file query_0.cif (mmCIF, C-alpha atoms (C1' of nucleotides) and all ligand atoms)
data_input
#
loop_
_atom_site.label_atom_id
_atom_site.label_comp_id
_atom_site.auth_asym_id
_atom_site.auth_seq_id
_atom_site.Cartn_x
_atom_site.Cartn_y
_atom_site.Cartn_z
CA MET A 39 -3.74 32.18 2.68
CA THR A 40 -3.42 28.48 1.94
CA THR A 41 0.27 28.51 0.85
CA SER A 42 -0.34 27.51 -2.71
CA LYS A 43 3.01 27.37 -4.63
CA LYS A 44 2.83 25.44 -7.87
CA LEU A 45 1.54 21.92 -8.14
CA ASP A 46 4.19 19.49 -9.28
CA ARG A 47 2.67 16.55 -11.14
CA SER A 48 4.35 14.19 -8.70
CA ASP A 49 2.74 15.82 -5.64
CA PRO A 50 -0.49 13.80 -5.77
CA HIS A 51 1.47 10.56 -5.83
CA ARG A 52 3.74 11.63 -2.99
CA ARG A 53 0.62 12.36 -0.98
CA THR A 54 -1.01 9.05 -1.82
CA ARG A 55 2.12 7.22 -0.68
CA ARG A 56 2.09 9.17 2.56
CA ASP A 57 -1.59 8.34 3.10
CA HIS A 58 -0.79 4.66 2.69
CA SER A 59 2.03 4.83 5.20
CA THR A 60 -0.38 5.99 7.94
CA GLU A 61 -3.32 3.86 6.87
CA THR A 62 -2.50 0.76 8.90
CA ALA A 63 -2.10 2.66 12.15
CA GLU A 64 -5.40 4.45 11.61
CA ASP A 65 -7.36 1.28 10.87
CA TYR A 66 -5.80 -0.63 13.76
CA VAL A 67 -6.44 1.90 16.50
CA GLU A 68 -9.91 2.49 15.11
CA ALA A 69 -10.66 -1.24 15.23
CA MET A 70 -9.21 -1.55 18.72
CA ALA A 71 -11.33 1.29 20.05
CA GLU A 72 -14.46 -0.31 18.62
CA ILE A 73 -13.63 -3.76 19.93
CA ILE A 74 -12.85 -2.43 23.40
CA GLU A 75 -16.09 -0.50 23.42
CA ARG A 76 -18.05 -3.56 22.36
CA SER A 77 -16.40 -6.25 24.43
CA GLY A 78 -14.25 -4.65 27.10
CA THR A 79 -10.86 -5.75 25.85
CA CYS A 80 -9.06 -6.19 22.56
CA ARG A 81 -6.88 -9.24 21.92
CA VAL A 82 -4.71 -10.25 18.97
CA VAL A 83 -7.31 -12.77 17.91
CA ASP A 84 -10.00 -10.07 17.69
CA LEU A 85 -7.85 -8.14 15.25
CA THR A 86 -7.08 -11.21 13.14
CA LYS A 87 -10.83 -11.72 12.72
CA HIS A 88 -11.45 -8.04 12.08
CA PHE A 89 -8.84 -7.70 9.34
CA GLY A 90 -8.80 -11.23 7.95
CA VAL A 91 -5.05 -11.69 8.34
CA SER A 92 -2.93 -14.12 10.35
CA HIS A 93 -2.14 -13.55 14.00
CA VAL A 94 1.52 -13.10 13.07
CA THR A 95 0.71 -10.12 10.90
CA VAL A 96 -1.34 -8.58 13.70
CA THR A 97 1.41 -9.15 16.27
CA ARG A 98 4.06 -7.50 14.11
CA ILE A 99 1.91 -4.48 13.36
CA VAL A 100 0.88 -4.08 16.99
CA ALA A 101 4.57 -4.14 17.97
CA ARG A 102 5.22 -1.28 15.60
CA LEU A 103 2.24 0.66 16.96
CA GLN A 104 3.78 0.26 20.40
CA ASP A 105 7.08 1.70 19.13
CA GLU A 106 5.06 4.61 17.78
CA GLY A 107 3.41 5.15 21.17
CA LEU A 108 -0.13 4.29 20.10
CA VAL A 109 -0.63 1.11 22.15
CA VAL A 110 0.79 -0.73 25.13
CA THR A 111 1.12 -4.48 25.26
CA GLU A 112 2.29 -7.15 27.64
CA LYS A 113 2.86 -10.79 26.73
CA TYR A 114 -0.34 -12.83 26.54
CA ARG A 115 -2.38 -9.84 27.70
CA PRO A 116 -5.02 -7.74 25.95
CA ILE A 117 -3.78 -4.75 23.95
CA GLU A 118 -4.40 -1.30 25.38
CA LEU A 119 -4.61 2.06 23.65
CA THR A 120 -2.54 4.98 24.90
CA THR A 121 -4.05 8.44 25.14
CA GLN A 122 -2.40 9.23 21.83
CA GLY A 123 -3.83 6.02 20.36
CA ARG A 124 -7.31 6.89 21.57
CA ARG A 125 -7.02 10.34 20.03
CA LEU A 126 -6.03 8.92 16.65
CA ALA A 127 -8.81 6.34 16.92
CA GLN A 128 -11.40 9.01 17.52
CA ARG A 129 -10.27 11.16 14.62
CA SER A 130 -10.13 8.13 12.32
CA ARG A 131 -13.52 6.93 13.38
CA GLN A 132 -15.12 10.32 12.80
CA ARG A 133 -13.62 10.63 9.36
CA HIS A 134 -14.62 7.05 8.50
CA GLU A 135 -18.17 7.70 9.63
CA ILE A 136 -18.49 10.86 7.55
CA VAL A 137 -17.21 9.12 4.42
CA TYR A 138 -19.61 6.23 4.98
CA GLU A 139 -22.61 8.47 5.59
CA PHE A 140 -21.68 10.51 2.56
CA LEU A 141 -21.75 7.44 0.31
CA LEU A 142 -25.12 6.45 1.75
CA ALA A 143 -26.43 9.96 1.10
CA LEU A 144 -25.29 9.62 -2.51
CA GLY A 145 -27.45 6.50 -2.82
CA VAL A 146 -24.78 3.81 -2.59
CA ASP A 147 -25.91 0.49 -1.05
CA PRO A 148 -24.81 0.02 2.59
CA LYS A 149 -22.62 -3.01 1.87
CA VAL A 150 -20.88 -1.34 -1.04
CA ALA A 151 -20.53 1.89 0.93
CA ALA A 152 -18.92 -0.01 3.80
CA ILE A 153 -16.36 -1.50 1.43
CA ASP A 154 -15.57 1.67 -0.50
CA ALA A 155 -15.37 3.81 2.64
CA GLU A 156 -12.70 1.58 4.11
CA GLY A 157 -10.29 2.46 1.34
CA ILE A 158 -11.42 6.00 0.50
CA GLU A 159 -11.26 7.37 4.05
CA HIS A 160 -7.46 7.56 4.10
CA HIS A 161 -7.29 9.74 1.00
CA VAL A 162 -9.86 12.36 1.97
CA SER A 163 -8.31 15.74 2.77
CA PRO A 164 -9.85 18.00 5.45
CA GLN A 165 -11.32 20.20 2.75
CA THR A 166 -12.97 17.32 0.92
CA LEU A 167 -14.17 15.91 4.23
CA SER A 168 -15.93 19.15 5.05
CA LYS A 169 -17.64 19.08 1.65
CA PHE A 170 -18.77 15.53 2.39
CA LYS A 171 -20.11 16.61 5.76
CA ALA A 172 -22.01 19.53 4.25
CA PHE A 173 -23.57 17.23 1.65
CA VAL A 174 -24.74 14.72 4.23
CA GLN A 175 -26.53 17.53 6.09
CA ARG A 176 -28.13 18.54 2.72
CA MET B 215 -29.26 -10.43 -8.61
CA THR B 216 -26.16 -9.00 -7.02
CA THR B 217 -25.12 -12.15 -5.09
CA SER B 218 -25.31 -10.63 -1.63
CA LYS B 219 -24.46 -13.25 1.07
CA LYS B 220 -23.58 -11.73 4.40
CA LEU B 221 -20.89 -9.13 4.89
CA ASP B 222 -18.00 -10.35 6.99
CA ARG B 223 -16.35 -7.49 8.85
CA SER B 224 -13.03 -8.39 7.27
CA ASP B 225 -14.37 -8.07 3.70
CA PRO B 226 -13.81 -4.32 3.39
CA HIS B 227 -10.19 -4.72 4.40
CA ARG B 228 -9.63 -7.63 2.03
CA ARG B 229 -11.00 -5.46 -0.73
CA THR B 230 -8.85 -2.48 0.20
CA ARG B 231 -5.77 -4.69 0.13
CA ARG B 232 -6.75 -5.97 -3.30
CA ASP B 233 -7.28 -2.41 -4.55
CA HIS B 234 -3.78 -1.53 -3.41
CA SER B 235 -2.30 -4.51 -5.19
CA THR B 236 -3.62 -3.26 -8.56
CA GLU B 237 -3.08 0.44 -7.90
CA THR B 238 0.49 0.68 -9.20
CA ALA B 239 -0.31 -0.97 -12.51
CA GLU B 240 -3.28 1.33 -13.02
CA ASP B 241 -1.34 4.50 -12.28
CA TYR B 242 1.63 3.47 -14.41
CA VAL B 243 -0.25 2.55 -17.58
CA GLU B 244 -2.41 5.64 -17.16
CA ALA B 245 0.68 7.85 -16.88
CA MET B 246 2.33 6.12 -19.83
CA ALA B 247 -0.71 6.64 -22.06
CA GLU B 248 -0.79 10.33 -21.18
CA ILE B 249 2.93 10.81 -21.72
CA ILE B 250 2.83 9.01 -25.07
CA GLU B 251 -0.11 11.13 -26.15
CA ARG B 252 1.66 14.30 -25.11
CA SER B 253 5.19 13.61 -26.32
CA GLY B 254 5.16 10.60 -28.62
CA THR B 255 7.13 8.22 -26.43
CA CYS B 256 7.44 7.30 -22.76
CA ARG B 257 10.84 6.71 -21.19
CA VAL B 258 11.86 5.65 -17.70
CA VAL B 259 12.91 9.20 -16.91
CA ASP B 260 9.44 10.52 -17.75
CA LEU B 261 7.93 8.18 -15.19
CA THR B 262 10.49 9.10 -12.52
CA LYS B 263 9.43 12.75 -12.92
CA HIS B 264 5.76 11.86 -13.01
CA PHE B 265 5.79 9.82 -9.82
CA GLY B 266 8.66 11.47 -7.94
CA VAL B 267 10.55 8.22 -7.35
CA SER B 268 13.98 7.00 -8.40
CA HIS B 269 14.62 5.49 -11.82
CA VAL B 270 15.38 2.18 -10.11
CA THR B 271 11.90 2.00 -8.67
CA VAL B 272 10.41 2.77 -12.07
CA THR B 273 12.55 0.16 -13.82
CA ARG B 274 11.57 -2.58 -11.43
CA ILE B 275 7.87 -1.79 -11.62
CA VAL B 276 7.97 -1.61 -15.40
CA ALA B 277 9.65 -5.04 -15.47
CA ARG B 278 6.77 -6.42 -13.45
CA LEU B 279 4.22 -4.79 -15.75
CA GLN B 280 5.96 -6.54 -18.63
CA ASP B 281 5.62 -9.89 -16.84
CA GLU B 282 1.94 -9.06 -16.47
CA GLY B 283 1.61 -8.36 -20.18
CA LEU B 284 0.80 -4.66 -19.89
CA VAL B 285 3.94 -3.20 -21.49
CA VAL B 286 6.81 -4.19 -23.75
CA THR B 287 10.34 -2.94 -23.23
CA GLU B 288 13.74 -3.29 -24.84
CA LYS B 289 17.00 -2.15 -23.27
CA TYR B 290 17.58 1.60 -23.52
CA ARG B 291 14.40 2.03 -25.57
CA PRO B 292 11.12 3.80 -24.85
CA ILE B 293 8.45 1.76 -23.09
CA GLU B 294 5.43 0.67 -25.11
CA LEU B 295 1.95 -0.28 -24.02
CA THR B 296 0.41 -3.54 -25.17
CA THR B 297 -3.20 -3.67 -26.28
CA GLN B 298 -4.05 -4.95 -22.84
CA GLY B 299 -2.08 -2.09 -21.28
CA ARG B 300 -3.89 0.48 -23.40
CA ARG B 301 -7.23 -1.00 -22.39
CA LEU B 302 -6.37 -0.76 -18.69
CA ALA B 303 -5.04 2.77 -19.21
CA GLN B 304 -8.25 3.88 -20.81
CA ARG B 305 -10.43 2.43 -18.08
CA SER B 306 -8.22 3.91 -15.38
CA ARG B 307 -8.16 7.29 -17.03
CA GLN B 308 -11.93 7.41 -17.35
CA ARG B 309 -12.45 6.47 -13.73
CA HIS B 310 -9.83 8.97 -12.59
CA GLU B 311 -11.47 11.73 -14.61
CA ILE B 312 -14.90 11.01 -13.16
CA VAL B 313 -13.59 11.07 -9.60
CA TYR B 314 -11.75 14.34 -10.25
CA GLU B 315 -14.77 16.00 -11.86
CA PHE B 316 -16.94 14.77 -9.05
CA LEU B 317 -14.75 16.44 -6.44
CA LEU B 318 -14.80 19.67 -8.44
CA ALA B 319 -18.59 19.48 -8.66
CA LEU B 320 -18.68 19.13 -4.87
CA GLY B 321 -16.78 22.41 -4.60
CA VAL B 322 -13.30 21.12 -3.81
CA ASP B 323 -10.40 23.28 -5.04
CA PRO B 324 -8.73 21.93 -8.21
CA LYS B 325 -5.34 21.34 -6.55
CA VAL B 326 -6.86 19.52 -3.59
CA ALA B 327 -9.17 17.58 -5.90
CA ALA B 328 -6.17 16.48 -8.01
CA ILE B 329 -4.43 15.18 -4.90
CA ASP B 330 -7.44 13.44 -3.34
CA ALA B 331 -8.55 11.89 -6.64
CA GLU B 332 -5.17 10.22 -7.09
CA GLY B 333 -5.72 8.10 -4.00
CA ILE B 334 -9.51 7.77 -3.99
CA GLU B 335 -9.86 6.51 -7.57
CA HIS B 336 -8.58 3.04 -6.76
CA HIS B 337 -11.19 2.43 -4.07
CA VAL B 338 -14.28 3.49 -6.00
CA SER B 339 -16.54 0.57 -6.94
CA PRO B 340 -18.52 0.60 -10.21
CA GLN B 341 -21.68 1.42 -8.27
CA THR B 342 -20.15 4.38 -6.48
CA LEU B 343 -18.57 5.54 -9.71
CA SER B 344 -21.96 5.63 -11.40
CA LYS B 345 -23.33 7.72 -8.52
CA PHE B 346 -20.39 10.10 -8.96
CA LYS B 347 -21.09 10.34 -12.68
CA ALA B 348 -24.77 11.06 -12.10
CA PHE B 349 -23.89 13.79 -9.62
CA VAL B 350 -21.49 15.52 -12.00
CA GLN B 351 -24.26 15.63 -14.60
CA ARG B 352 -26.58 17.10 -11.91
"C1'" DT C 298 -6.58 -31.94 38.42
"C1'" DG C 299 -5.11 -32.61 34.10
"C1'" DA C 300 -5.43 -32.51 29.26
"C1'" DA C 301 -7.19 -30.57 25.21
"C1'" DT C 302 -8.03 -26.25 23.10
"C1'" DA C 303 -7.45 -21.50 22.40
"C1'" DG C 304 -4.45 -17.88 22.19
"C1'" DT C 305 0.07 -15.93 21.56
"C1'" DG C 306 5.07 -15.82 20.46
"C1'" DT C 307 8.99 -16.67 17.31
"C1'" DA C 308 11.69 -18.11 13.25
"C1'" DG C 309 12.09 -17.82 8.61
"C1'" DT C 310 10.25 -16.87 3.76
"C1'" DT C 311 8.23 -13.96 0.16
"C1'" DA C 312 6.86 -9.78 -2.56
"C1'" DA C 313 6.24 -4.87 -3.32
"C1'" DG C 314 8.17 -0.69 -3.38
"C1'" DG C 315 11.33 2.61 -1.70
"C1'" DC C 316 16.58 3.98 -1.63
"C1'" DT C 317 22.09 4.80 -2.94
"C1'" DA C 318 26.08 3.68 -5.48
"C1'" DC C 319 28.15 2.43 -9.41
"C1'" DA C 320 28.41 0.51 -14.36
"C1'" DA C 321 26.96 0.69 -19.06
"C1'" DT C 322 24.77 2.78 -23.06
"C1'" DT C 323 22.93 6.46 -25.88
"C1'" DT C 324 22.79 11.02 -27.48
"C1'" DG C 325 23.85 15.72 -28.38
"C1'" DA C 326 27.23 19.57 -28.93
"C1'" DA C 327 31.56 21.35 -29.64
"C1'" DT D 79 33.86 12.81 -34.74
"C1'" DT D 80 34.37 12.50 -30.20
"C1'" DC D 81 33.44 12.99 -25.56
"C1'" DA D 82 30.47 14.70 -21.76
"C1'" DA D 83 25.91 14.55 -20.17
"C1'" DA D 84 21.73 12.15 -19.93
"C1'" DT D 85 19.62 7.96 -19.59
"C1'" DT D 86 19.24 3.28 -18.27
"C1'" DG D 87 20.83 -0.99 -16.03
"C1'" DT D 88 22.45 -3.64 -11.97
"C1'" DA D 89 23.84 -4.81 -7.24
"C1'" DG D 90 22.61 -4.53 -2.77
"C1'" DC D 91 20.08 -2.56 1.23
"C1'" DC D 92 15.73 -1.26 3.89
"C1'" DT D 93 10.72 -1.44 5.52
"C1'" DT D 94 6.03 -3.05 5.40
"C1'" DA D 95 2.99 -6.54 5.30
"C1'" DA D 96 1.67 -10.94 4.10
"C1'" DC D 97 2.42 -16.18 4.92
"C1'" DT D 98 3.53 -21.25 7.22
"C1'" DA D 99 5.42 -23.97 10.75
"C1'" DC D 100 6.36 -24.75 15.16
"C1'" DA D 101 6.86 -23.51 20.29
"C1'" DC D 102 4.99 -21.73 24.34
"C1'" DT D 103 1.24 -20.01 27.68
"C1'" DA D 104 -3.35 -19.75 29.48
"C1'" DT D 105 -7.97 -21.37 30.00
"C1'" DT D 106 -11.61 -24.48 30.22
"C1'" DC D 107 -14.03 -28.59 31.18
"C1'" DA D 108 -14.40 -33.63 31.84
MN MN E 401 -11.45 2.63 8.99
MN MN E 402 -9.55 1.95 6.21
MN MN E 403 -5.41 3.58 -0.88
MN MN E 404 -3.89 6.92 -8.47
#
call {"tool": "encode", "arguments": {"input": "query_0.cif", "output": "C-alpha cells", "more": "lines below"}}
Ligand SMILES: [Mn+2]
Ligand SMILES: [Mn+2]
Ligand SMILES: [Mn+2]
Ligand SMILES: [Mn+2]
result
Amino acid sequence: MTTSKKLDRSDPHRRTRRDHSTETAEDYVEAMAEIIERSGTCRVVDLTKHFGVSHVTVTRIVARLQDEGLVVTEKYRPIELTTQGRRLAQRSRQRHEIVYEFLLALGVDPKVAAIDAEGIEHHVSPQTLSKFKAFVQR
Amino acid sequence: MTTSKKLDRSDPHRRTRRDHSTETAEDYVEAMAEIIERSGTCRVVDLTKHFGVSHVTVTRIVARLQDEGLVVTEKYRPIELTTQGRRLAQRSRQRHEIVYEFLLALGVDPKVAAIDAEGIEHHVSPQTLSKFKAFVQR
DNA sequence: TGAATAGTGTAGTTAAGGCTACAATTTGAA
DNA sequence: TTCAAATTGTAGCCTTAACTACACTATTCA
C-alpha cells in the first residue's frame, strides 16, 4: 500500500519547492566527493570553479552545510566531508548518473544531457528513477 | 551548426540557475491560463490554492509578472494575461503536457508523474523535449 | 628571505520567495 | 440595505543565494 489519499493540486508545487531546498546540499557534497577523488582535497576555490559562482557564495553555503552536519571545515584548510556528507554524496551521484545515462539512452547529445541532467536529477522520484534505470538496461 | 565550443563544468549549473529564475513566471502564467479557461477569471485566491502559498506571496509575484509585461492587474480585480503572457502560458503548457505524458508512457503512476513533471519540465531542453515527444508516439 | 600572488574571510547590498499580522475593499445574505 | 465574510492590500520579518569591495593568511619563487 502506497498511502495514496487524494492529490491536492498544490501538492506538486509543494514537492518542487522541497526539492529545491535540498538541491544545493546535494550538488555541493556531490561535487566535493568528485573533487576529492580526483585531486585529494577540496578547497573553496575548487567549488567556485565548479559552480561558476564567487568564493563568498561558496563559503556561505559551506558554512550552512557544516551546520547541517554534512562537512567539516577549519579556517584556510580544505573542506572535508562527514560520513553523513559522504552518504548523501554517494546517493546523489548515483541518481545523477542514472539520469544522465537515461538521457543518453534516449538519444540526447552528451553535452545537452549533461546540462539537462543537472537540473532534472533533483526532481526525479524513486519510482521514476527506477523506470529510468530499467530503460537504460533496455 | 549547433555552436558547440567546449563545455565548462560550471555551464550545467549556470543553466540550472537560469531555469530556476524563469520557473515561477512559467508556472504562474500556465496556472492562470488554466484557471481562466476553467472558470472565466483568475483571482489571487485561486493562485494561493493552486500553489499552496499565502496570498501575500502570490500578490508580490504577480506584481513582478506585471513589471515583466506578462499580466495586467487592477486593485481588487481579477488578473489578466497579456498577449505575451498567453504566449508563454501556451508554450509552458505544451512542454508540461509532453513531460507528463512521457512519464506516463514510461510506466510512472499518474500521481507520481504529476509531481515529478512539475519540477522536471523547467529543465528540459528543446532537444530532450523532442526525444520525449518521439517516445510518447512510440 | 621577502614580496607578490593565490586563497580565504568578512562586511554589506540586492533580489526572490516564503511567512504573520493587520488594514482596506468587495460581495453576498439576511 | 446593511453588515459579515471573503478577498485583497500593505508593513515588516526571515532565509537563500547571488554580488562587490576590502582585509587577512598562506604559498611560492626570485
Ligand atoms: Mn548533480
Ligand atoms: Mn544538480
Ligand atoms: Mn529545479
Ligand atoms: Mn512547474
call {"tool": "residues_around", "arguments": {"input": "query_0.cif", "residues": "Leu85 in chain A", "least_positions_apart": "3", "cutoff": "9 Å", "atoms": "all atoms listed in the file", "output": "MDAnalysis selection string"}}
result
chainID A and resid 66 69:70 73 80:82 88:91 93 96
call {"tool": "write_last_selection", "arguments": {"input": "query_0.cif", "atoms": "C-alpha atoms", "output": "PDB file, in the coordinates of the input"}}
result
ATOM      1  CA  TYR A  66      -5.800  -0.630  13.760  1.00  0.00           C
ATOM      2  CA  ALA A  69     -10.660  -1.240  15.230  1.00  0.00           C
ATOM      3  CA  MET A  70      -9.210  -1.550  18.720  1.00  0.00           C
ATOM      4  CA  ILE A  73     -13.630  -3.760  19.930  1.00  0.00           C
ATOM      5  CA  CYS A  80      -9.060  -6.190  22.560  1.00  0.00           C
ATOM      6  CA  ARG A  81      -6.880  -9.240  21.920  1.00  0.00           C
ATOM      7  CA  VAL A  82      -4.710 -10.250  18.970  1.00  0.00           C
ATOM      8  CA  HIS A  88     -11.450  -8.040  12.080  1.00  0.00           C
ATOM      9  CA  PHE A  89      -8.840  -7.700   9.340  1.00  0.00           C
ATOM     10  CA  GLY A  90      -8.800 -11.230   7.950  1.00  0.00           C
ATOM     11  CA  VAL A  91      -5.050 -11.690   8.340  1.00  0.00           C
ATOM     12  CA  HIS A  93      -2.140 -13.550  14.000  1.00  0.00           C
ATOM     13  CA  VAL A  96      -1.340  -8.580  13.700  1.00  0.00           C
TER      14      VAL A  96
END
call {"tool": "atom_distance", "arguments": {"input": "query_0.cif", "atom1": "CA of Asp241 in chain B", "atom2": "atom MN of ligand MN 404 (chain E)"}}
result
5.2 Å
call {"tool": "residues_near_ligand", "arguments": {"input": "query_0.cif", "ligand": "ligand MN 401 (chain E)", "cutoff": "9 Å", "atoms": "only C-alpha atoms (C1' of nucleotides) and all ligand atoms", "output": "list in words"}}
result
Glu61, Glu64, Asp65, Tyr66, Glu68, Ala69, Ser130, Arg131, Arg133, His134, Glu135, Ala155, Glu156, Gly157, Glu159 and His160 of chain A; His227 of chain B
call {"tool": "interface_residues", "arguments": {"input": "query_0.cif", "of": "chain B", "to": "chain A", "cutoff": "10 Å", "atoms": "all atoms listed in the file", "output": "PyMOL selection string"}}
result
chain B and resi 218+220-231+233-234+241+261-267+317-318+320-323+325-346+348-349
call {"tool": "atom_distance", "arguments": {"input": "query_0.cif", "atom1": "CA of Glu112 in chain A", "atom2": "C1' of DA308 in chain C"}}
result
20.4 Å
call {"tool": "atom_distance", "arguments": {"input": "query_0.cif", "atom1": "CA of Thr121 in chain A", "atom2": "CA of Val83 in chain A"}}
result
22.6 Å
call {"tool": "interface_residues", "arguments": {"input": "query_0.cif", "of": "chain D", "to": "chain B", "cutoff": "10 Å", "atoms": "only C-alpha atoms (C1' of nucleotides)", "output": "ChimeraX atom specification"}}
result
/D:84-88
call {"tool": "interface_residues", "arguments": {"input": "query_0.cif", "of": "chain C", "to": "chain B", "cutoff": "10 Å", "atoms": "all atoms listed in the file", "output": "list in words"}}
result
DA313, DG314, DG315, DC316, DT322 and DT323 of chain C
call {"tool": "residues_near_point", "arguments": {"input": "query_0.cif", "point": "(28.6, 2.8, -7.6)", "cutoff": "10 Å", "atoms": "all atoms listed in the file", "output": "mmCIF file with C-alpha atoms (C1' of nucleotides), in the coordinates of the input"}}
result
data_model
loop_
_atom_site.group_PDB
_atom_site.id
_atom_site.type_symbol
_atom_site.label_atom_id
_atom_site.label_comp_id
_atom_site.auth_asym_id
_atom_site.auth_seq_id
_atom_site.Cartn_x
_atom_site.Cartn_y
_atom_site.Cartn_z
ATOM 1 C "C1'" DT C 317 22.090 4.800 -2.940
ATOM 2 C "C1'" DA C 318 26.080 3.680 -5.480
ATOM 3 C "C1'" DC C 319 28.150 2.430 -9.410
ATOM 4 C "C1'" DA C 320 28.410 0.510 -14.360
ATOM 5 C "C1'" DT D 88 22.450 -3.640 -11.970
ATOM 6 C "C1'" DA D 89 23.840 -4.810 -7.240
#
call {"tool": "residues_around", "arguments": {"input": "query_0.cif", "residues": "DA301 in chain C", "least_positions_apart": "4", "cutoff": "12 Å", "atoms": "all atoms listed in the file", "output": "PyMOL selection string"}}
result
chain D and resi 105-108
call {"tool": "closest_residue", "arguments": {"input": "query_0.cif", "among": "B:Thr287, B:Gln280, B:Gln351, B:Gln308", "to": "ligand MN 404 (chain E)", "atoms": "only C-alpha atoms and all ligand atoms"}}
result
B:Gln308
call {"tool": "residues_around", "arguments": {"input": "query_0.cif", "residues": "DG309 in chain C", "least_positions_apart": "3", "cutoff": "12 Å", "atoms": "all atoms listed in the file", "output": "ChimeraX atom specification"}}
result
/D:97-100
call {"tool": "axis_aligned_box", "arguments": {"input": "query_0.cif", "around": "range 86-99 of chain A", "padding_each_side": "8 Å", "output": "lines of an AutoDock Vina configuration file"}}
result
center_x = -3.7
center_y = -9.3
center_z = 12.1
size_x = 31.5
size_y = 25.6
size_z = 24.3
call {"tool": "closest_residue", "arguments": {"input": "query_0.cif", "among": "A:Asp84, A:Val137, A:Leu119, A:Leu108", "to": "DG304 in chain C", "atoms": "only C-alpha atoms (C1' of nucleotides)"}}
result
A:Asp84
call {"tool": "residues_around", "arguments": {"input": "query_0.cif", "residues": "DC81 in chain D", "least_positions_apart": "6", "cutoff": "12 Å", "atoms": "all atoms listed in the file", "output": "list of chain:residue names"}}
result
C:DT324, C:DG325, C:DA326, C:DA327
